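Have a look at my_file-v7.tsv; it's TSV, C-alpha atoms:
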chain	number	residue	atom	x	y	z
A	27	MET	CA	52.33	12.44	-14.20
A	28	ALA	CA	48.76	13.67	-14.54
A	29	LEU	CA	46.63	13.28	-11.39
A	30	TRP	CA	44.17	10.97	-13.19
A	31	GLN	CA	46.74	8.44	-14.41
A	32	ARG	CA	46.83	5.05	-12.70
A	33	THR	CA	49.37	4.03	-10.11
A	34	ILE	CA	48.08	0.45	-9.81
A	35	ASP	CA	46.04	-1.93	-11.97
A	36	CYS	CA	42.52	-2.85	-10.93
A	37	GLY	CA	43.45	-6.52	-10.58
A	38	ALA	CA	46.54	-5.88	-8.44
A	39	PRO	CA	45.34	-4.69	-4.98
A	40	ARG	CA	45.90	-7.16	-2.14
A	41	PRO	CA	45.77	-6.98	1.68
A	42	GLU	CA	49.47	-6.06	1.79
A	43	HIS	CA	48.59	-2.78	0.04
A	44	ASP	CA	46.35	-1.74	2.95
A	45	GLY	CA	46.60	1.99	3.61
A	46	GLN	CA	48.24	2.96	0.32
A	47	GLU	CA	47.06	5.96	-1.69
A	48	VAL	CA	46.32	4.80	-5.24
A	49	VAL	CA	44.86	5.94	-8.55
A	50	VAL	CA	42.99	3.42	-10.72
A	51	ASN	CA	41.57	3.79	-14.22
A	52	GLY	CA	38.96	1.60	-15.87
A	53	TRP	CA	35.34	0.99	-16.78
A	54	ALA	CA	32.37	0.65	-14.45
A	55	GLN	CA	31.44	-3.02	-14.56
A	56	SER	CA	28.48	-2.45	-12.25
A	57	VAL	CA	27.14	0.38	-10.09
A	58	ARG	CA	25.13	-0.05	-6.89
A	59	ASP	CA	23.64	3.05	-5.29
A	60	HIS	CA	22.71	2.41	-1.65
A	61	GLY	CA	21.45	5.89	-0.96
A	62	GLY	CA	24.27	7.63	0.84
A	63	VAL	CA	26.92	5.13	-0.39
A	64	THR	CA	27.78	4.12	-3.96
A	65	PHE	CA	29.65	0.92	-4.82
A	66	ILE	CA	31.39	0.65	-8.20
A	67	ASP	CA	33.06	-2.48	-9.56
A	68	LEU	CA	35.85	-0.92	-11.61
A	69	ARG	CA	37.37	-3.09	-14.35
A	70	ASP	CA	40.48	-2.91	-16.47
A	71	ARG	CA	42.22	-5.66	-18.41
A	72	THR	CA	43.82	-7.09	-15.26
A	73	GLY	CA	40.66	-7.56	-13.19
A	74	ILE	CA	38.05	-5.86	-11.01
A	75	VAL	CA	38.32	-3.88	-7.78
A	76	GLN	CA	35.50	-2.49	-5.65
A	77	VAL	CA	35.36	1.26	-5.19
A	78	VAL	CA	33.36	2.69	-2.29
A	79	VAL	CA	32.20	6.31	-2.53
A	80	ASP	CA	31.05	7.25	0.97
A	81	PRO	CA	31.22	10.92	2.05
A	82	THR	CA	31.08	9.88	5.73
A	83	ARG	CA	34.40	8.04	5.57
A	84	SER	CA	37.58	9.89	6.39
A	85	THR	CA	38.76	9.94	2.77
A	86	GLY	CA	35.30	10.63	1.31
A	87	SER	CA	34.02	13.87	-0.20
A	88	ASP	CA	30.62	15.23	-1.22
A	89	ALA	CA	31.99	16.13	-4.66
A	90	ALA	CA	33.10	12.53	-5.33
A	91	HIS	CA	29.75	11.22	-4.12
A	92	GLU	CA	27.78	13.54	-6.40
A	93	GLU	CA	29.95	12.54	-9.33
A	94	ALA	CA	29.56	8.84	-8.51
A	95	ARG	CA	25.77	9.13	-8.63
A	96	LYS	CA	26.08	10.04	-12.33
A	97	VAL	CA	28.04	6.87	-13.15
A	98	ARG	CA	26.37	4.15	-15.20
A	99	SER	CA	27.56	0.86	-16.62
A	100	GLU	CA	30.70	1.15	-18.81
A	101	PHE	CA	31.47	4.76	-17.90
A	102	CYS	CA	35.23	5.28	-18.12
A	103	LEU	CA	36.56	6.51	-14.77
A	104	SER	CA	39.61	7.59	-12.86
A	105	VAL	CA	39.48	7.13	-9.09
A	106	ARG	CA	41.92	8.34	-6.45
A	107	GLY	CA	41.64	6.96	-2.96
A	108	ARG	CA	42.99	4.75	-0.22
A	109	LEU	CA	43.18	0.97	-0.31
A	110	VAL	CA	41.66	-0.60	2.82
A	111	ARG	CA	40.70	-4.08	3.92
A	112	ARG	CA	37.00	-4.88	3.65
A	113	LEU	CA	34.95	-5.28	6.78
A	114	ALA	CA	34.78	-8.80	8.20
A	115	GLY	CA	32.08	-10.75	6.39
A	116	ALA	CA	32.07	-8.37	3.41
A	117	GLU	CA	34.91	-10.10	1.54
A	118	ASN	CA	34.26	-11.48	-1.94
A	119	PRO	CA	36.02	-14.86	-2.38
A	120	ASN	CA	35.16	-14.84	-6.10
A	121	LEU	CA	37.54	-11.93	-6.79
A	122	PRO	CA	41.33	-11.95	-6.42
A	123	THR	CA	40.91	-8.42	-5.01
A	124	GLY	CA	37.97	-9.47	-2.85
A	125	ASP	CA	39.70	-8.80	0.49
A	126	VAL	CA	40.20	-5.08	-0.18
A	127	GLU	CA	38.40	-2.05	-1.58
A	128	ILE	CA	39.22	1.53	-2.48
A	129	GLU	CA	37.77	4.37	-0.45
A	130	ALA	CA	37.33	7.07	-3.10
A	131	ALA	CA	38.54	10.59	-2.37
A	132	ASP	CA	38.20	11.86	-5.95
A	133	LEU	CA	36.28	10.43	-8.89
A	134	THR	CA	36.56	11.71	-12.44
A	135	ILE	CA	34.34	10.63	-15.33
A	136	LEU	CA	36.77	10.41	-18.25
A	137	ASN	CA	34.05	9.42	-20.70
A	138	PRO	CA	30.34	8.60	-20.30
A	139	CYS	CA	28.57	5.74	-22.08
A	140	ARG	CA	25.21	5.56	-23.79
A	141	THR	CA	22.77	2.73	-23.17
A	142	LEU	CA	24.51	-0.48	-24.19
A	143	PRO	CA	23.21	-2.41	-27.24
A	144	PHE	CA	23.90	-5.68	-25.36
A	145	PRO	CA	25.14	-6.59	-21.85
A	146	LEU	CA	28.87	-7.04	-21.44
A	147	ASP	CA	28.99	-8.71	-18.04
A	148	GLN	CA	26.50	-11.50	-18.67
A	149	ASP	CA	26.80	-14.82	-20.49
A	150	VAL	CA	24.19	-14.11	-23.15
A	151	THR	CA	24.06	-14.96	-26.82
A	152	VAL	CA	24.47	-11.90	-29.04
A	153	GLY	CA	24.06	-11.89	-32.82
A	154	GLU	CA	27.32	-11.71	-34.74
A	155	GLU	CA	26.25	-8.71	-36.84
A	156	LEU	CA	25.45	-6.71	-33.69
A	157	ARG	CA	28.77	-7.71	-32.12
A	158	LEU	CA	30.68	-6.59	-35.22
A	159	LYS	CA	28.78	-3.29	-35.40
A	160	TYR	CA	29.85	-2.53	-31.82
A	161	ARG	CA	33.16	-4.35	-31.93
A	162	TYR	CA	34.80	-1.92	-29.51
A	163	LEU	CA	32.23	-2.96	-26.91
A	164	ASP	CA	32.40	-6.65	-27.78
A	165	LEU	CA	36.15	-6.57	-27.14
A	166	ARG	CA	35.53	-5.38	-23.58
A	167	ARG	CA	33.94	-8.72	-22.71
A	168	GLN	CA	36.20	-10.93	-20.61
A	169	VAL	CA	35.86	-13.90	-22.96
A	170	MET	CA	37.16	-11.80	-25.86
A	171	PHE	CA	40.06	-10.43	-23.83
A	172	GLU	CA	41.03	-13.96	-22.78
A	173	LYS	CA	41.10	-15.09	-26.41
A	174	LEU	CA	43.38	-12.22	-27.40
A	175	ARG	CA	45.59	-12.79	-24.39
A	176	LEU	CA	45.88	-16.52	-25.16
A	177	ARG	CA	46.84	-15.74	-28.76
A	178	HIS	CA	49.49	-13.32	-27.51
A	179	GLU	CA	50.90	-15.86	-25.04
A	180	ALA	CA	50.96	-18.60	-27.68
A	181	ILE	CA	52.88	-16.42	-30.16
A	182	ARG	CA	55.30	-15.32	-27.46
A	183	ARG	CA	55.87	-18.94	-26.47
A	184	ILE	CA	56.44	-19.95	-30.09
A	185	ARG	CA	58.99	-17.18	-30.58
A	186	THR	CA	60.90	-18.14	-27.44
A	187	PHE	CA	60.95	-21.81	-28.50
A	188	MET	CA	62.26	-20.96	-31.96
A	189	TYR	CA	64.86	-18.46	-30.72
A	190	ASP	CA	66.22	-21.06	-28.28
A	191	ARG	CA	66.78	-23.45	-31.20
A	192	GLY	CA	68.75	-21.04	-33.33
A	193	PHE	CA	66.01	-19.84	-35.68
A	194	ILE	CA	66.08	-16.32	-37.09
A	195	GLU	CA	62.80	-14.45	-37.49
A	196	VAL	CA	62.49	-12.74	-40.88
A	197	GLU	CA	59.54	-10.70	-42.20
A	198	THR	CA	59.00	-11.45	-45.87
A	199	PRO	CA	57.18	-9.11	-48.31
A	200	VAL	CA	53.39	-8.90	-48.37
A	201	MET	CA	53.10	-7.04	-51.70
A	202	THR	CA	54.51	-9.56	-54.10
A	203	LYS	CA	54.10	-11.35	-57.42
A	204	SER	CA	51.48	-14.00	-58.11
A	205	THR	CA	52.91	-17.48	-57.61
A	206	PRO	CA	51.44	-20.95	-58.27
A	207	GLU	CA	49.68	-22.03	-55.08
A	208	GLY	CA	46.58	-24.01	-54.22
A	209	ALA	CA	44.06	-21.14	-54.21
A	210	ARG	CA	43.27	-17.89	-55.99
A	211	ASP	CA	45.24	-14.73	-55.18
A	212	TYR	CA	43.97	-11.50	-53.71
A	213	LEU	CA	45.12	-8.77	-56.10
A	214	VAL	CA	46.08	-5.16	-55.36
A	215	PRO	CA	46.09	-2.72	-58.32
A	216	TYR	CA	49.42	-1.02	-59.06
A	217	ARG	CA	48.62	2.70	-59.17
A	218	LEU	CA	51.47	3.77	-61.44
A	219	GLN	CA	50.74	1.24	-64.17
A	220	PRO	CA	47.03	0.46	-64.65
A	221	GLY	CA	46.49	-3.18	-65.56
A	222	LEU	CA	49.31	-4.45	-63.33
A	223	PHE	CA	48.67	-5.92	-59.91
A	224	TYR	CA	50.44	-7.04	-56.78
A	225	ALA	CA	49.35	-10.34	-55.24
A	226	LEU	CA	49.00	-10.89	-51.50
A	227	PRO	CA	50.97	-14.02	-50.49
A	228	GLN	CA	49.15	-17.29	-49.96
A	229	ALA	CA	52.29	-18.41	-48.09
A	230	PRO	CA	55.92	-17.19	-47.93
A	231	GLN	CA	57.06	-20.28	-49.85
A	232	GLN	CA	59.36	-18.68	-52.43
A	233	PHE	CA	60.83	-16.23	-49.94
A	234	LYS	CA	61.82	-18.86	-47.40
A	235	GLN	CA	63.41	-20.96	-50.14
A	236	LEU	CA	65.44	-17.90	-51.14
A	237	LEU	CA	66.51	-17.55	-47.51
A	238	MET	CA	67.68	-21.16	-47.43
A	239	VAL	CA	69.65	-20.77	-50.66
A	240	GLY	CA	71.04	-17.54	-49.18
A	241	GLY	CA	72.49	-19.49	-46.25
A	242	LEU	CA	70.18	-18.45	-43.40
A	243	GLU	CA	69.65	-22.16	-42.59
A	244	ARG	CA	66.96	-21.71	-39.89
A	245	TYR	CA	64.13	-19.26	-40.54
A	246	PHE	CA	60.68	-18.65	-39.10
A	247	GLN	CA	58.02	-15.99	-38.95
A	248	ILE	CA	54.47	-15.51	-37.67
A	249	ALA	CA	53.16	-14.98	-41.20
A	250	LYS	CA	49.98	-13.43	-42.54
A	251	CYS	CA	48.57	-15.41	-45.45
A	252	PHE	CA	45.74	-14.57	-47.86
A	253	ARG	CA	43.79	-17.11	-49.91
A	254	ASP	CA	40.71	-16.40	-52.00
A	255	GLU	CA	38.78	-19.60	-51.30
A	256	ALA	CA	35.18	-20.49	-50.60
A	257	GLN	CA	34.76	-19.87	-46.87
A	258	ARG	CA	34.06	-22.76	-44.54
A	259	ALA	CA	35.09	-23.81	-41.05
A	260	ASP	CA	38.66	-24.74	-42.02
A	261	ARG	CA	39.15	-22.08	-44.71
A	262	GLN	CA	39.59	-18.37	-44.01
A	263	PRO	CA	40.48	-15.60	-46.49
A	264	GLU	CA	43.07	-14.21	-44.07
A	265	PHE	CA	44.90	-16.21	-41.43
A	266	THR	CA	48.13	-16.34	-39.44
A	267	GLN	CA	50.49	-19.30	-39.44
A	268	LEU	CA	53.85	-20.27	-38.06
A	269	ASP	CA	56.04	-20.55	-41.15
A	270	LEU	CA	59.46	-22.16	-40.87
A	271	GLU	CA	62.21	-23.68	-42.96
A	272	MET	CA	65.45	-25.53	-42.18
A	273	SER	CA	68.52	-26.57	-44.13
A	274	PHE	CA	70.55	-29.79	-43.78
A	275	VAL	CA	67.79	-31.76	-42.07
A	276	GLU	CA	65.72	-34.88	-42.66
A	277	GLN	CA	61.99	-35.52	-42.30
A	278	GLU	CA	62.46	-36.80	-38.74
A	279	ASP	CA	64.07	-33.49	-37.70
A	280	VAL	CA	61.03	-31.53	-38.90
A	281	LEU	CA	58.54	-33.91	-37.27
A	282	ARG	CA	60.40	-33.84	-33.96
A	283	LEU	CA	60.67	-30.04	-33.93
A	284	VAL	CA	56.95	-29.52	-34.61
A	285	GLU	CA	55.97	-32.15	-32.03
A	286	ASP	CA	58.18	-30.62	-29.35
A	287	LEU	CA	56.84	-27.14	-30.15
A	288	THR	CA	53.23	-28.30	-29.96
A	289	VAL	CA	53.78	-30.00	-26.62
A	290	ASP	CA	55.59	-26.97	-25.23
A	291	VAL	CA	52.86	-24.48	-26.19
A	292	VAL	CA	49.81	-26.59	-25.35
A	293	GLU	CA	51.02	-27.84	-21.99
A	294	ALA	CA	52.28	-24.39	-20.95
A	295	LEU	CA	49.07	-22.55	-21.84
A	296	SER	CA	46.42	-25.10	-20.87
A	297	SER	CA	45.70	-27.80	-18.32
A	298	LYS	CA	46.07	-30.51	-20.98
A	299	THR	CA	48.74	-33.19	-20.90
A	300	LEU	CA	49.43	-34.52	-24.37
A	301	VAL	CA	50.11	-38.17	-25.16
A	302	LYS	CA	53.76	-38.38	-26.15
A	303	PRO	CA	55.23	-39.30	-28.54
A	304	PHE	CA	52.57	-38.41	-31.10
A	305	LEU	CA	50.98	-41.27	-33.03
A	306	ARG	CA	52.32	-41.36	-36.58
A	307	LEU	CA	50.34	-42.89	-39.43
A	308	SER	CA	51.23	-43.18	-43.08
A	309	TYR	CA	48.59	-42.00	-45.54
A	310	ASP	CA	47.80	-45.58	-46.55
A	311	GLU	CA	47.41	-46.71	-42.93
A	312	ALA	CA	45.18	-43.75	-42.04
A	313	MET	CA	42.91	-44.41	-45.01
A	314	ALA	CA	42.79	-48.14	-44.31
A	315	ARG	CA	41.94	-47.76	-40.62
A	316	TYR	CA	39.83	-44.60	-40.59
A	317	GLY	CA	38.89	-43.76	-44.17
A	318	SER	CA	40.34	-40.26	-43.75
A	319	ASP	CA	43.78	-38.69	-44.07
A	320	LYS	CA	43.08	-36.54	-40.97
A	321	PRO	CA	41.32	-38.98	-38.64
A	322	ASP	CA	40.11	-38.26	-35.13
A	323	VAL	CA	41.66	-41.30	-33.48
A	324	ARG	CA	39.54	-40.75	-30.35
A	325	PHE	CA	36.60	-42.05	-32.39
A	326	GLY	CA	37.81	-45.59	-31.79
A	327	LEU	CA	35.57	-47.34	-34.33
A	328	GLU	CA	38.12	-48.28	-36.95
A	329	LEU	CA	37.29	-49.73	-40.35
A	330	ILE	CA	37.58	-53.51	-40.57
A	331	ASP	CA	38.51	-55.16	-43.86
A	332	CYS	CA	35.86	-57.80	-44.56
A	333	GLY	CA	37.33	-58.93	-47.88
A	334	PRO	CA	38.96	-62.15	-46.60
A	335	HIS	CA	35.68	-63.17	-44.96
A	336	LEU	CA	33.53	-62.49	-48.02
A	337	GLN	CA	35.39	-64.53	-50.63
A	338	GLY	CA	32.78	-66.42	-52.65
A	339	THR	CA	29.86	-64.46	-51.18
A	340	GLU	CA	26.54	-64.71	-53.00
A	341	PHE	CA	25.72	-61.06	-52.34
A	342	ALA	CA	26.14	-59.47	-55.78
A	343	VAL	CA	27.08	-56.02	-54.51
A	344	PHE	CA	29.96	-57.28	-52.36
A	345	ARG	CA	31.07	-59.84	-54.96
A	346	GLY	CA	31.20	-57.24	-57.72
A	347	VAL	CA	33.29	-54.85	-55.62
A	348	LEU	CA	35.78	-57.55	-54.64
A	349	GLU	CA	36.10	-58.94	-58.17
A	350	ALA	CA	36.85	-55.42	-59.40
A	351	GLY	CA	39.73	-55.14	-56.94
A	352	GLY	CA	37.83	-52.99	-54.47
A	353	GLN	CA	37.37	-53.36	-50.74
A	354	VAL	CA	34.45	-54.08	-48.47
A	355	LYS	CA	34.86	-52.62	-44.99
A	356	ALA	CA	32.69	-52.51	-41.90
A	357	VAL	CA	32.45	-50.50	-38.69
A	358	ARG	CA	31.80	-52.45	-35.52
A	359	TYR	CA	29.04	-50.87	-33.41
A	360	PRO	CA	29.30	-52.25	-29.83
A	361	GLY	CA	25.79	-52.85	-28.52
A	362	GLY	CA	24.25	-52.19	-31.92
A	363	ALA	CA	22.49	-55.55	-32.01
A	364	SER	CA	20.05	-54.23	-29.41
A	365	LEU	CA	18.77	-51.48	-31.71
A	366	ALA	CA	15.24	-51.72	-33.06
A	367	ARG	CA	14.55	-51.88	-36.80
A	368	SER	CA	13.31	-48.27	-36.76
A	369	GLN	CA	16.60	-47.13	-35.21
A	370	MET	CA	18.60	-48.97	-37.85
A	371	ASP	CA	16.47	-47.33	-40.54
A	372	GLU	CA	17.40	-43.94	-39.04
A	373	LEU	CA	21.09	-44.83	-39.37
A	374	VAL	CA	20.56	-45.83	-43.00
A	375	ALA	CA	18.88	-42.48	-43.66
A	376	LEU	CA	21.74	-40.68	-41.90
A	377	SER	CA	24.31	-42.40	-44.11
A	378	LYS	CA	22.46	-41.15	-47.19
A	379	GLU	CA	22.58	-37.58	-45.87
A	380	PHE	CA	26.37	-37.85	-45.94
A	381	GLY	CA	26.43	-39.02	-49.57
A	382	ALA	CA	26.23	-42.80	-49.27
A	383	LYS	CA	23.82	-44.74	-51.49
A	384	GLY	CA	22.73	-46.76	-48.49
A	385	MET	CA	24.05	-48.84	-45.60
A	386	ALA	CA	24.27	-52.61	-45.46
A	387	TYR	CA	24.28	-54.04	-41.95
A	388	PHE	CA	23.91	-57.22	-40.00
A	389	LEU	CA	23.39	-57.79	-36.28
A	390	VAL	CA	25.61	-60.25	-34.43
A	391	ASP	CA	24.21	-62.16	-31.45
A	392	GLU	CA	26.10	-63.13	-28.30
A	393	ALA	CA	27.19	-66.39	-29.91
A	394	GLY	CA	28.90	-64.46	-32.72
A	395	ASN	CA	26.38	-65.33	-35.41
A	396	ALA	CA	25.03	-62.84	-37.95
A	397	SER	CA	21.43	-63.42	-36.95
A	398	ARG	CA	19.56	-60.44	-38.43
A	399	GLY	CA	19.87	-57.75	-41.06
A	400	PRO	CA	19.45	-57.25	-44.82
A	401	VAL	CA	22.71	-59.06	-45.71
A	402	ALA	CA	22.84	-61.60	-42.86
A	403	LYS	CA	21.68	-64.46	-45.05
A	404	PHE	CA	24.66	-64.00	-47.39
A	405	LEU	CA	27.26	-64.38	-44.62
Would you give me this structure, written as structure tokens?
Amino acid sequence: MALWQRTIDCGAPRPEHDGQEVVVNGWAQSVRDHGGVTFIDLRDRTGIVQVVVDPTRSTGSDAAHEEARKVRSEFCLSVRGRLVRRLAGAENPNLPTGDVEIEAADLTILNPCRTLPFPLDQDVTVGEELRLKYRYLDLRRQVMFEKLRLRHEAIRRIRTFMYDRGFIEVETPVMTKSTPEGARDYLVPYRLQPGLFYALPQAPQQFKQLLMVGGLERYFQIAKCFRDEAQRADRQPEFTQLDLEMSFVEQEDVLRLVEDLTVDVVEALSSKTLVKPFLRLSYDEAMARYGSDKPDVRFGLELIDCGPHLQGTEFAVFRGVLEAGGQVKAVRYPGGASLARSQMDELVALSKEFGAKGMAYFLVDEAGNASRGPVAKFL
């Protein structure tokens, strides 16, 4: 093994390693030059360890000290030295490696770094275009690494869950034929026959149905999908999904499998405890209670059907809707009766911003009477 290659990760040293000769590789998170002594926080994907370059220590050298004085933030380094416990009072409780440090005997600059376009070790807002231009630097930030690591752990957990339940992972083709789906296809020209195109799959739908007819019975894959749609928060041109299919099952089997998988992954990879079993709503019930087929049930303010209470109302708008077979629904706003007229006018304006023609309201007093509001007199 080359002399510069690591023998231990930066996040691994602990007091039990005291006295060991080690080699670490990584990037200089920060550099502090205290005259005759240089301190370097060396970072790799596992964590940070403090390196001390002091020529007066038994393991120190003038050559390593001179080299250390050249180091700046994000220089890529290899350090050989001895792991020792920090002096009493010098420990860093904020680091898992905070009880130890490395006394550097040799320090090699594997690659220098120019002045950074944005700081990597600070919680600052950086423009997206600048981050994408220097993506290789952006990925060094801890928050980005944690996102990639979480994705990796989630996919690994999904695979283990599916393997344990007898599913077989199959990679289906990416260069395929255009099929009827819900969006437009991304097309790839066929070089040998101009005018013909491959289509990138919007989903592996046809392929997994072929697998079921072929007798595979339980299939899954972590599938790349491509859909040419207008981009918004819940629409991406390229995304990854868990795709699965089963034979000889009923709807309940599918619902139970997906619920168990969701609970397994979320509770294993986060501090959350999910409410089990999951609430199940039919489409009609969701629309009746929340006015949406994907409601956030934490909202709590469900729609209330006012139709039975408005039979024979003199308010023409409500009467016309009910006579036409429509519905009149209300949202109860606890404490809303205390709002001033100007505040209610702001809510009316807000409803118009979301596409409504207006908002009818009435305020209910403590006795339960509709005492104020534009439609109170009709109730």
Residues near Phe344 of chain A, anyone? I mean within 12 Å using only C-alpha atoms, not counting same-chain ones fewer than 2 positions away, as a count of residues only. 26
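The protein and nucleic acid residues lying at most 10 Å from Leu295 of chain A are Leu176, Arg177, Glu179, Ala180, Arg183, Asp290, Val291, Val292, Glu293, Ser297 and Lys298 of chain A, with only C-alpha atoms considered and sequence neighbours fewer than 2 positions away removed.
Candidate residues A:Arg244, A:Arg282, A:Arg40, A:Lys173 were compared for distance to Arg112 of chain A, and the nearest is A:Arg40, using all atoms listed in the file.
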Would you kindly return, as a list in words, each protein, DNA or RNA residue with an atom no farther than 12 Å from any atom of Asp147 of chain A, considering all atoms listed in the file and excluding same-chain residues fewer than 5 positions away? Trp53, Ala54, Gln55, Ser56, Asp67, Arg69, Ile74, Ser99, Glu100, Leu142, Leu163, Asp164, Leu165, Arg166, Arg167, Gln168, Val169 and Met170 of chain A
Atom CA of Ile128 of chain A and atom CA of Thr85 of chain A, how far apart in Å?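 Separating atom CA of Thr85 of chain A from atom CA of Ile128 of chain A is a distance of 9.9 Å.
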For atom CA of Val78 of chain A and atom CA of Leu121 of chain A, the interatomic separation in Å (one decimal):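 Interatomic distance here is 15.9 Å.
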Give the answer as one residue: which of A:Thr33, A:Gln76, A:Thr288, A:Thr205 has the shortest atom-to-atom distance to Arg106 of chain A, using only C-alpha atoms?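 Going through A:Thr33, A:Gln76, A:Thr288, A:Thr205 one by one, the smallest distance to Arg106 of chain A is for A:Thr33.
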Residue contacts of segment 274-280 of chain A (12 Å, only C-alpha atoms) excluding same-chain residues fewer than 6 positions away, as a PyMOL selection string: chain A and resi 238-239+241-244+286-287+306
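One finds atom CA of Gly381 of chain A at 19.6 Å from atom CA of Leu327 of chain A.
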Point out the residue among A:Leu268, A:Val63, A:Leu136, A:Ala225 with the least atom-to-atom distance to Arg95 of chain A, counting only C-alpha atoms.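 Of A:Leu268, A:Val63, A:Leu136, A:Ala225, the one nearest Arg95 of chain A, counting only C-alpha atoms, is A:Val63.
Counting only C-alpha atoms, the residue from A:Thr123, A:Thr151, A:Ser273, A:Thr198 that sits nearest to Ala249 of chain A is A:Thr198.
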